[in-house]
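*Asks:* What follows is target.cif, mmCIF, C-alpha atoms and all ligand atoms.
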data_protein
#
loop_
_atom_site.label_atom_id
_atom_site.label_comp_id
_atom_site.auth_asym_id
_atom_site.auth_seq_id
_atom_site.Cartn_x
_atom_site.Cartn_y
_atom_site.Cartn_z
CA MET A 41 106.30 78.09 59.98
CA GLN A 42 109.51 76.32 60.85
CA HIS A 43 111.45 78.86 58.82
CA VAL A 44 109.86 81.73 60.75
CA ALA A 45 110.72 80.09 64.06
CA ALA A 46 114.34 79.60 62.99
CA VAL A 47 114.64 83.26 62.02
CA ALA A 48 113.17 84.30 65.37
CA ILE A 49 115.66 82.10 67.23
CA ALA A 50 118.55 83.44 65.18
CA ALA A 51 117.45 87.01 65.94
CA THR A 52 117.26 86.20 69.65
CA LEU A 53 120.76 84.73 69.62
CA VAL A 54 122.12 87.84 67.92
CA ALA A 55 120.38 90.03 70.51
CA VAL A 56 121.77 87.93 73.37
CA ALA A 57 125.26 88.00 71.88
CA ALA A 58 125.08 91.78 71.45
CA GLY A 59 124.28 92.19 75.14
CA CYS A 60 127.27 90.07 76.14
CA SER A 61 130.02 92.61 75.59
CA PRO A 62 132.58 92.65 78.41
CA ALA A 63 131.12 95.95 79.70
CA SER A 64 127.64 94.52 80.22
CA VAL A 65 127.90 90.85 80.99
CA LYS A 66 124.19 90.41 81.66
CA PRO A 67 121.65 93.03 80.69
CA ALA A 68 119.26 93.64 83.58
CA ALA A 69 115.84 92.18 82.90
CA LYS A 70 113.01 94.67 82.53
CA VAL A 71 110.22 94.06 84.98
CA ARG A 72 106.67 94.24 83.65
CA ASP A 73 103.32 94.98 85.28
CA GLY A 74 102.38 92.14 87.58
CA GLU A 75 105.94 90.83 87.86
CA LEU A 76 107.12 93.05 90.68
CA ALA A 77 107.18 91.02 93.90
CA VAL A 78 106.44 92.63 97.26
CA PRO A 79 109.58 92.40 99.40
CA ALA A 80 108.90 90.52 102.66
CA ASP A 81 110.34 93.24 104.90
CA TYR A 82 108.49 96.25 103.48
CA ARG A 83 106.82 97.12 106.77
CA SER A 84 110.27 97.88 108.22
CA TRP A 85 110.89 100.43 105.45
CA PRO A 86 110.49 104.15 105.99
CA LYS A 87 106.85 105.10 106.21
CA PHE A 88 105.63 107.22 103.32
CA LEU A 89 102.22 108.03 104.80
CA VAL A 90 100.20 105.98 107.25
CA ASP A 91 96.54 106.00 108.24
CA VAL A 92 95.49 107.59 104.96
CA GLN A 93 91.74 108.07 105.46
CA ARG A 94 89.64 106.98 102.49
CA PRO A 95 86.03 106.98 103.69
CA ASP A 96 84.92 107.15 100.03
CA ALA A 97 86.44 103.72 99.46
CA LYS A 98 85.68 102.57 103.02
CA GLN A 99 89.38 102.00 103.49
CA ILE A 100 92.46 103.05 105.43
CA ARG A 101 95.83 102.86 103.69
CA ASP A 102 99.42 102.62 104.90
CA ILE A 103 102.17 103.43 102.40
CA TYR A 104 105.83 102.43 102.70
CA ILE A 105 108.79 103.38 100.52
CA ASN A 106 112.16 101.70 100.33
CA PRO A 107 115.30 103.60 101.41
CA ILE A 108 116.31 104.22 97.77
CA GLY A 109 113.09 106.17 97.27
CA SER A 110 113.01 107.89 100.65
CA GLY A 111 116.41 109.44 100.03
CA ILE A 112 115.10 112.16 97.73
CA GLY A 113 114.20 115.72 98.63
CA PRO A 114 111.15 117.78 97.59
CA GLY A 115 110.99 118.40 93.85
CA GLU A 116 113.23 115.45 93.01
CA THR A 117 112.25 112.41 90.99
CA PHE A 118 112.36 108.95 92.55
CA PRO A 119 115.46 107.06 91.36
CA ASN A 120 115.46 103.67 89.65
CA GLY A 121 115.25 100.99 92.30
CA THR A 122 112.46 102.81 94.16
CA VAL A 123 109.65 100.56 95.39
CA SER A 124 106.48 101.75 97.12
CA VAL A 125 104.06 99.35 98.80
CA MET A 126 100.56 100.24 99.97
CA ASP A 127 98.48 98.20 102.41
CA LEU A 128 94.74 98.64 101.83
CA TYR A 129 92.69 97.96 104.96
CA LYS A 130 88.95 97.70 105.23
CA ALA A 131 87.48 100.42 107.45
CA ARG A 132 85.32 98.83 110.15
CA GLU A 133 81.59 99.44 110.03
CA ASN A 134 78.94 99.88 112.68
CA PRO A 135 76.00 97.45 112.69
CA ASP A 136 73.98 100.05 110.74
CA GLY A 137 76.59 100.07 107.96
CA SER A 138 78.04 103.48 108.79
CA LEU A 139 81.79 103.76 109.22
CA MET A 140 83.10 103.27 112.75
CA LYS A 141 85.06 106.26 114.09
CA THR A 142 87.47 106.79 116.97
CA PRO A 143 86.68 109.65 119.42
CA ASP A 144 88.95 111.93 117.34
CA GLY A 145 87.06 111.10 114.17
CA LYS A 146 89.46 108.62 112.57
CA LEU A 147 88.40 105.47 110.76
CA VAL A 148 89.10 102.15 112.46
CA LYS A 149 91.26 99.55 110.73
CA GLY A 150 89.69 96.21 109.89
CA ASP A 151 91.10 93.38 107.80
CA LEU A 152 93.93 93.88 105.34
CA LEU A 153 92.25 93.61 101.92
CA LYS A 154 95.04 94.02 99.38
CA VAL A 155 98.65 95.01 98.88
CA PHE A 156 99.55 97.28 95.95
CA VAL A 157 103.08 97.88 94.73
CA MET A 158 104.77 100.19 92.27
CA GLY A 159 108.45 100.23 91.41
CA LYS A 160 110.73 101.67 88.78
CA GLY A 161 113.82 100.54 86.91
CA ALA A 162 115.74 101.51 83.79
CA GLY A 163 113.59 100.96 80.71
CA TRP A 164 110.75 99.25 82.57
CA GLY A 165 108.27 101.70 81.07
CA ASP A 166 109.12 100.31 77.61
CA THR A 167 107.29 97.09 78.51
CA VAL A 168 103.89 98.81 78.68
CA ALA A 169 101.50 97.43 76.07
CA LYS A 170 99.69 100.76 75.55
CA PRO A 171 102.25 103.59 75.19
CA GLU A 172 99.61 106.18 76.12
CA LEU A 173 99.46 104.55 79.56
CA LYS A 174 103.21 104.77 80.15
CA ASN A 175 103.91 106.11 83.65
CA GLY A 176 107.59 106.92 83.19
CA ASP A 177 109.50 103.78 84.18
CA TRP A 178 107.03 102.71 86.90
CA VAL A 179 105.41 99.28 86.78
CA TYR A 180 102.54 98.11 88.99
CA GLY A 181 101.44 94.99 90.82
CA ALA A 182 98.34 94.19 92.86
CA TYR A 183 98.09 91.34 95.34
CA LYS A 184 95.74 89.88 97.90
CA ALA A 185 96.45 90.32 101.62
CA ASP A 186 99.17 87.64 101.48
CA ALA A 187 101.17 90.03 99.24
CA ARG A 188 101.81 87.19 96.75
CA THR A 189 98.57 86.05 95.16
CA PRO A 190 97.58 88.37 92.30
CA SER A 191 94.38 90.20 93.25
CA GLY A 192 93.13 90.31 89.67
CA ASP A 193 92.88 94.11 89.63
CA ASP A 194 93.10 95.71 86.20
CA ILE A 195 96.59 97.20 85.94
CA ALA A 196 95.51 99.52 83.13
CA ALA A 197 93.25 101.20 85.73
CA CYS A 198 96.26 101.79 88.02
CA ARG A 199 98.10 103.42 85.14
CA GLY A 200 95.10 105.49 84.06
CA CYS A 201 94.58 106.96 87.53
CA HIS A 202 98.28 107.62 88.30
CA LEU A 203 98.93 109.15 84.86
CA PRO A 204 97.40 112.58 85.69
CA VAL A 205 100.01 113.13 88.43
CA ALA A 206 102.92 112.77 86.01
CA ASN A 207 104.25 116.11 87.29
CA LYS A 208 104.59 114.46 90.74
CA ASP A 209 106.42 111.46 89.31
CA PHE A 210 103.05 109.60 89.19
CA VAL A 211 102.86 109.56 93.00
CA HIS A 212 99.55 110.99 94.20
CA ARG A 213 100.48 112.13 97.67
CA TYR A 214 103.94 113.39 96.72
CA ASP A 215 103.44 116.88 98.25
CA GLU A 216 101.75 115.53 101.36
CA TYR A 217 104.69 113.18 101.90
CA PHE A 218 107.24 115.97 102.04
CA GLN A 219 104.98 118.20 104.14
CA THR A 220 104.48 115.38 106.65
CA ARG A 221 108.17 114.52 106.62
CA VAL A 222 109.04 118.11 107.50
CA ALA A 223 106.29 118.34 110.11
CA THR A 224 107.55 115.22 111.88
CA GLY A 225 111.09 116.57 111.86
CA ALA A 226 112.45 113.82 109.65
CA ALA A 227 114.28 115.99 107.14
CA LYS A 228 115.72 112.92 105.45
CA PHE A 229 114.86 109.29 105.91
CA LYS A 230 117.92 108.14 104.02
CA GLY A 231 119.15 104.77 105.16
CA GLY A 232 115.78 103.86 106.60
CA GLY A 233 114.39 104.18 110.10
CA GLU A 234 111.97 106.66 111.53
CA PRO A 235 112.38 109.93 113.35
C1 LIG B 301 91.03 105.89 90.98
C2 LIG B 301 92.42 106.22 91.11
C3 LIG B 301 93.45 105.16 91.44
C4 LIG B 301 93.55 103.90 90.93
C5 LIG B 301 92.63 103.19 89.97
C6 LIG B 301 94.75 103.33 91.50
N1 LIG B 301 95.36 104.22 92.34
FE1 LIG B 301 97.10 103.93 93.35
N2 LIG B 301 96.77 105.63 94.36
C7 LIG B 301 95.75 106.52 94.13
C8 LIG B 301 95.76 107.56 95.14
C9 LIG B 301 94.83 108.75 95.24
C10 LIG B 301 96.84 107.24 96.00
C11 LIG B 301 97.26 107.97 97.29
C12 LIG B 301 96.75 107.22 98.51
C13 LIG B 301 95.25 107.26 98.65
O1 LIG B 301 94.66 108.35 98.68
O2 LIG B 301 94.62 106.19 98.70
C14 LIG B 301 97.47 106.04 95.46
C15 LIG B 301 98.60 105.46 95.98
C16 LIG B 301 99.21 104.34 95.47
C17 LIG B 301 100.45 103.80 95.96
C18 LIG B 301 101.33 104.42 97.00
C19 LIG B 301 102.34 105.36 96.35
C20 LIG B 301 101.69 106.58 95.79
O3 LIG B 301 101.64 106.70 94.55
O4 LIG B 301 101.20 107.44 96.55
C21 LIG B 301 100.68 102.66 95.27
C22 LIG B 301 101.86 101.72 95.41
C23 LIG B 301 99.58 102.49 94.34
N3 LIG B 301 98.71 103.54 94.48
C24 LIG B 301 99.44 101.43 93.48
C25 LIG B 301 98.32 101.23 92.70
C26 LIG B 301 98.05 100.02 91.96
C27 LIG B 301 98.95 98.81 91.92
C28 LIG B 301 96.84 100.19 91.36
C29 LIG B 301 96.08 99.24 90.48
C30 LIG B 301 95.83 97.92 90.98
C31 LIG B 301 96.38 101.52 91.71
N4 LIG B 301 97.28 102.12 92.51
C32 LIG B 301 95.19 102.05 91.25
C33 LIG B 301 94.84 106.47 93.11
C34 LIG B 301 94.59 105.35 92.34
#
Once you've parsed the file, please lay out its structure as structure tokens.
*Replies:*
Amino acid sequence: MQHVAAVAIAATLVAVAAGCSPASVKPAAKVRDGELAVPADYRSWPKFLVDVQRPDAKQIRDIYINPIGSGIGPGETFPNGTVSVMDLYKARENPDGSLMKTPDGKLVKGDLLKVFVMGKGAGWGDTVAKPELKNGDWVYGAYKADARTPSGDDIAACRGCHLPVANKDFVHRYDEYFQTRVATGAAKFKGGGEP
């Protein structure tokens, strides 16, 4: 056993030394599922889509994207460094259990239930335990309303449901985002801010 451990340590040292060439002083760490923190200021980021109506899930969702991600145009892939955060709100219910609606038929926001995040970086996809669930270089995290305490959601389920939209860079409402962005006159959100 001790011999095995020594070999493992030696291998690690070689790997560390190899990464320490003058050109790459410190190789960037690869972030794994569940390790991606939610940045404190995400609600000041460009809005991706807000008030997403999900009566099926009895929820309303607000999605934000950081300026690195919002800089792309239709048909482009999100660059490394992109982070998207989604707030999942409970839709309020009437006393009879039906969903409360505003006069124009929209759901009414209740408590914030959870905060989901996805972000991508060079080689992050290599950390995925099941290669068939690789979503490019995206990794996922799921938190309670405080945006820090893990919610316990199964990350494999996130991957499984985002996988089918690989042709939209694993982002479900990719097309809707660009259509809405054009409709609101915000041709480019680059650098943050709203129209
Ligand atoms: C059953 C399918 C499904 C599962 C499971 C799922 N998602 Fe999604 N996700 C969606 C859909 C659809 C959207 C678009 C918004 C909407 O309709 O709610 C979305 C949107 C998102 C977004 C906003 C960016 C984007 O892609 O549009 C993030 C971030 C996200 N999901 C993270 C997660 C995380 C983290 C998990 C696992 C804890 C997860 N998702 C599980 C279907 C799913």
*Asks:* All residues within 6 Å of ligand LIG 301 (chain B) are required, counting all atoms listed in the file; please report them as a PyMOL selection string.
*Replies:* chain A and resi 103+124-126+156-158+180-182+193-195+197-198+201-202+211-213
*Asks:* Mind giving me the straight-line distance from CA of Ser110 (chain A) to CA of Trp178 (chain A) in Å, one decimal?
*Replies:*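 Distance between the two atoms: 15.9 Å.
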*Asks:* Please determine, counting only C-alpha atoms, which residue among A:Val148, A:Leu153, A:Leu89, A:Leu76 has the shortest atom-to-atom distance to Tyr129 (chain A).
*Replies:* A:Leu153
*Asks:* Within 12 Å of (109.6, 102.3, 80.6), in the coordinates the file gives, what residues turn up when you count all atoms listed in the file, written out as JSON, numbers by chain?
*Replies:* {"A": [70, 71, 72, 73, 120, 159, 160, 161, 162, 163, 164, 165, 166, 167, 168, 169, 170, 171, 172, 173, 174, 175, 176, 177, 178, 179, 180]}
*Asks:* For CA of Asp81 (chain A) and CA of Tyr104 (chain A), quote the distance in Å rounded to one decimal.
*Replies:*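 Result for CA of Asp81 (chain A) versus CA of Tyr104 (chain A): 10.5 Å, one decimal.
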*Asks:* Around the point (82.3, 100.1, 105.4) (coordinates from the file), which residues reach within 9 Å if we count all atoms listed in the file? Answer as a ChimeraX atom specification.
*Replies:* /A:95,97-99,130-134,137-140
*Asks:* Can you pull out every residue within 8 Å of Asp209 (chain A), counting all atoms listed in the file, but drop anything in the same chain fewer than 3 positions away, and send it as a PyMOL selection string?
*Replies:* chain A and resi 117-118+176+205-206
*Asks:* Env of Lys154 (chain A): 8 Å cut, atoms = all atoms listed in the file, seq-sep filter 3 positions within chain, self excluded. Answer as number ranges by chain.
*Replies:* A: 127-129, 182-187, 191
*Asks:* Report, in Å to a single decimal, how far apart CA of Asp96 (chain A) and CA of Lys149 (chain A) are.
*Replies:*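 These atoms are spaced 14.6 Å apart.
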*Asks:* Return as AutoDock Vina command-line options the box centre and box size in Å, one decimal, for an axis-aligned box around all listed atoms of region 65-69 of chain A padded by 6 Å per side.
*Replies:*
--center_x 121.9 --center_y 92.0 --center_z 82.1 --size_x 24.1 --size_y 15.2 --size_z 14.9
*Asks:* So, counting all atoms listed in the file, which residue among A:Val155, A:Tyr217, A:Gly145, A:Leu203 is closest to Arg188 (chain A)?
*Replies:* A:Val155
*Asks:* So, counting all atoms listed in the file, which residue among A:Val123, A:Thr142, A:Gly113, A:Thr189 is closest to Val222 (chain A)?
*Replies:*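 Among the listed residues, the smallest separation from Val222 (chain A) belongs to A:Gly113.
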*Asks:* Which one of A:Tyr214, A:Gly121, A:Ile108, A:Ala223 sits closest to Phe88 (chain A) if you count all atoms listed in the file?
*Replies:*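 Nearest to Phe88 (chain A): A:Tyr214.
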*Asks:* Output region 144-176 of chain A with N, CA and C atoms present, as a short mmCIF file (atom, residue, chain, number, x, y, z; two decimals), in the frame of the given file.
*Replies:*
data_model
loop_
_atom_site.label_atom_id
_atom_site.label_comp_id
_atom_site.auth_asym_id
_atom_site.auth_seq_id
_atom_site.Cartn_x
_atom_site.Cartn_y
_atom_site.Cartn_z
N ASP A 144 88.43 110.77 118.09
CA ASP A 144 88.95 111.93 117.34
C ASP A 144 88.61 111.86 115.85
N GLY A 145 87.61 111.05 115.52
CA GLY A 145 87.06 111.10 114.17
C GLY A 145 87.78 110.27 113.11
N LYS A 146 88.72 109.43 113.55
CA LYS A 146 89.46 108.62 112.57
C LYS A 146 88.73 107.30 112.30
N LEU A 147 88.94 106.78 111.11
CA LEU A 147 88.40 105.47 110.76
C LEU A 147 89.15 104.39 111.54
N VAL A 148 88.51 103.24 111.67
CA VAL A 148 89.10 102.15 112.46
C VAL A 148 89.49 101.01 111.52
N LYS A 149 90.74 100.58 111.63
CA LYS A 149 91.26 99.55 110.73
C LYS A 149 90.61 98.19 110.95
N GLY A 150 90.17 97.58 109.86
CA GLY A 150 89.69 96.21 109.89
C GLY A 150 90.71 95.31 109.21
N ASP A 151 90.20 94.34 108.46
CA ASP A 151 91.10 93.38 107.80
C ASP A 151 91.92 94.03 106.70
N LEU A 152 93.12 93.47 106.49
CA LEU A 152 93.93 93.88 105.34
C LEU A 152 93.28 93.25 104.10
N LEU A 153 92.95 94.09 103.12
CA LEU A 153 92.25 93.61 101.92
C LEU A 153 93.22 93.25 100.81
N LYS A 154 94.14 94.18 100.53
CA LYS A 154 95.04 94.02 99.38
C LYS A 154 96.36 94.71 99.65
N VAL A 155 97.35 94.35 98.82
CA VAL A 155 98.65 95.01 98.88
C VAL A 155 99.01 95.43 97.46
N PHE A 156 99.17 96.74 97.27
CA PHE A 156 99.55 97.28 95.95
C PHE A 156 101.01 97.66 95.97
N VAL A 157 101.66 97.51 94.82
CA VAL A 157 103.08 97.88 94.73
C VAL A 157 103.34 98.63 93.44
N MET A 158 104.25 99.59 93.50
CA MET A 158 104.77 100.19 92.27
C MET A 158 106.27 100.37 92.44
N GLY A 159 107.00 100.12 91.35
CA GLY A 159 108.45 100.23 91.41
C GLY A 159 108.98 100.66 90.06
N LYS A 160 110.18 101.23 90.07
CA LYS A 160 110.73 101.67 88.78
C LYS A 160 112.16 101.20 88.56
N GLY A 161 112.49 100.95 87.29
CA GLY A 161 113.82 100.54 86.91
C GLY A 161 114.09 100.99 85.49
N ALA A 162 115.35 100.99 85.11
CA ALA A 162 115.74 101.51 83.79
C ALA A 162 115.00 100.79 82.67
N GLY A 163 114.26 101.53 81.88
CA GLY A 163 113.59 100.96 80.71
C GLY A 163 112.35 100.17 81.00
N TRP A 164 111.93 100.07 82.27
CA TRP A 164 110.75 99.25 82.57
C TRP A 164 109.51 99.78 81.87
N GLY A 165 109.44 101.10 81.71
CA GLY A 165 108.27 101.70 81.07
C GLY A 165 108.10 101.24 79.62
N ASP A 166 109.19 100.77 79.01
CA ASP A 166 109.12 100.31 77.61
C ASP A 166 108.29 99.04 77.47
N THR A 167 108.01 98.37 78.59
CA THR A 167 107.29 97.09 78.51
C THR A 167 105.77 97.30 78.46
N VAL A 168 105.34 98.55 78.62
CA VAL A 168 103.89 98.81 78.68
C VAL A 168 103.24 98.57 77.32
N ALA A 169 102.16 97.79 77.33
CA ALA A 169 101.50 97.43 76.07
C ALA A 169 100.93 98.66 75.38
N LYS A 170 100.28 99.56 76.15
CA LYS A 170 99.69 100.76 75.55
C LYS A 170 100.57 101.96 75.90
N PRO A 171 101.32 102.49 74.90
CA PRO A 171 102.25 103.59 75.19
C PRO A 171 101.58 104.79 75.83
N GLU A 172 100.29 105.01 75.53
CA GLU A 172 99.61 106.18 76.12
C GLU A 172 99.41 106.01 77.62
N LEU A 173 99.60 104.78 78.12
CA LEU A 173 99.46 104.55 79.56
C LEU A 173 100.83 104.45 80.26
N LYS A 174 101.87 104.82 79.54
CA LYS A 174 103.21 104.77 80.15
C LYS A 174 103.28 105.75 81.32
N ASN A 175 103.73 105.27 82.45
CA ASN A 175 103.91 106.11 83.65
C ASN A 175 105.41 106.20 83.90
N GLY A 176 106.13 106.91 83.05
CA GLY A 176 107.59 106.92 83.19
C GLY A 176 108.10 105.49 83.18
#
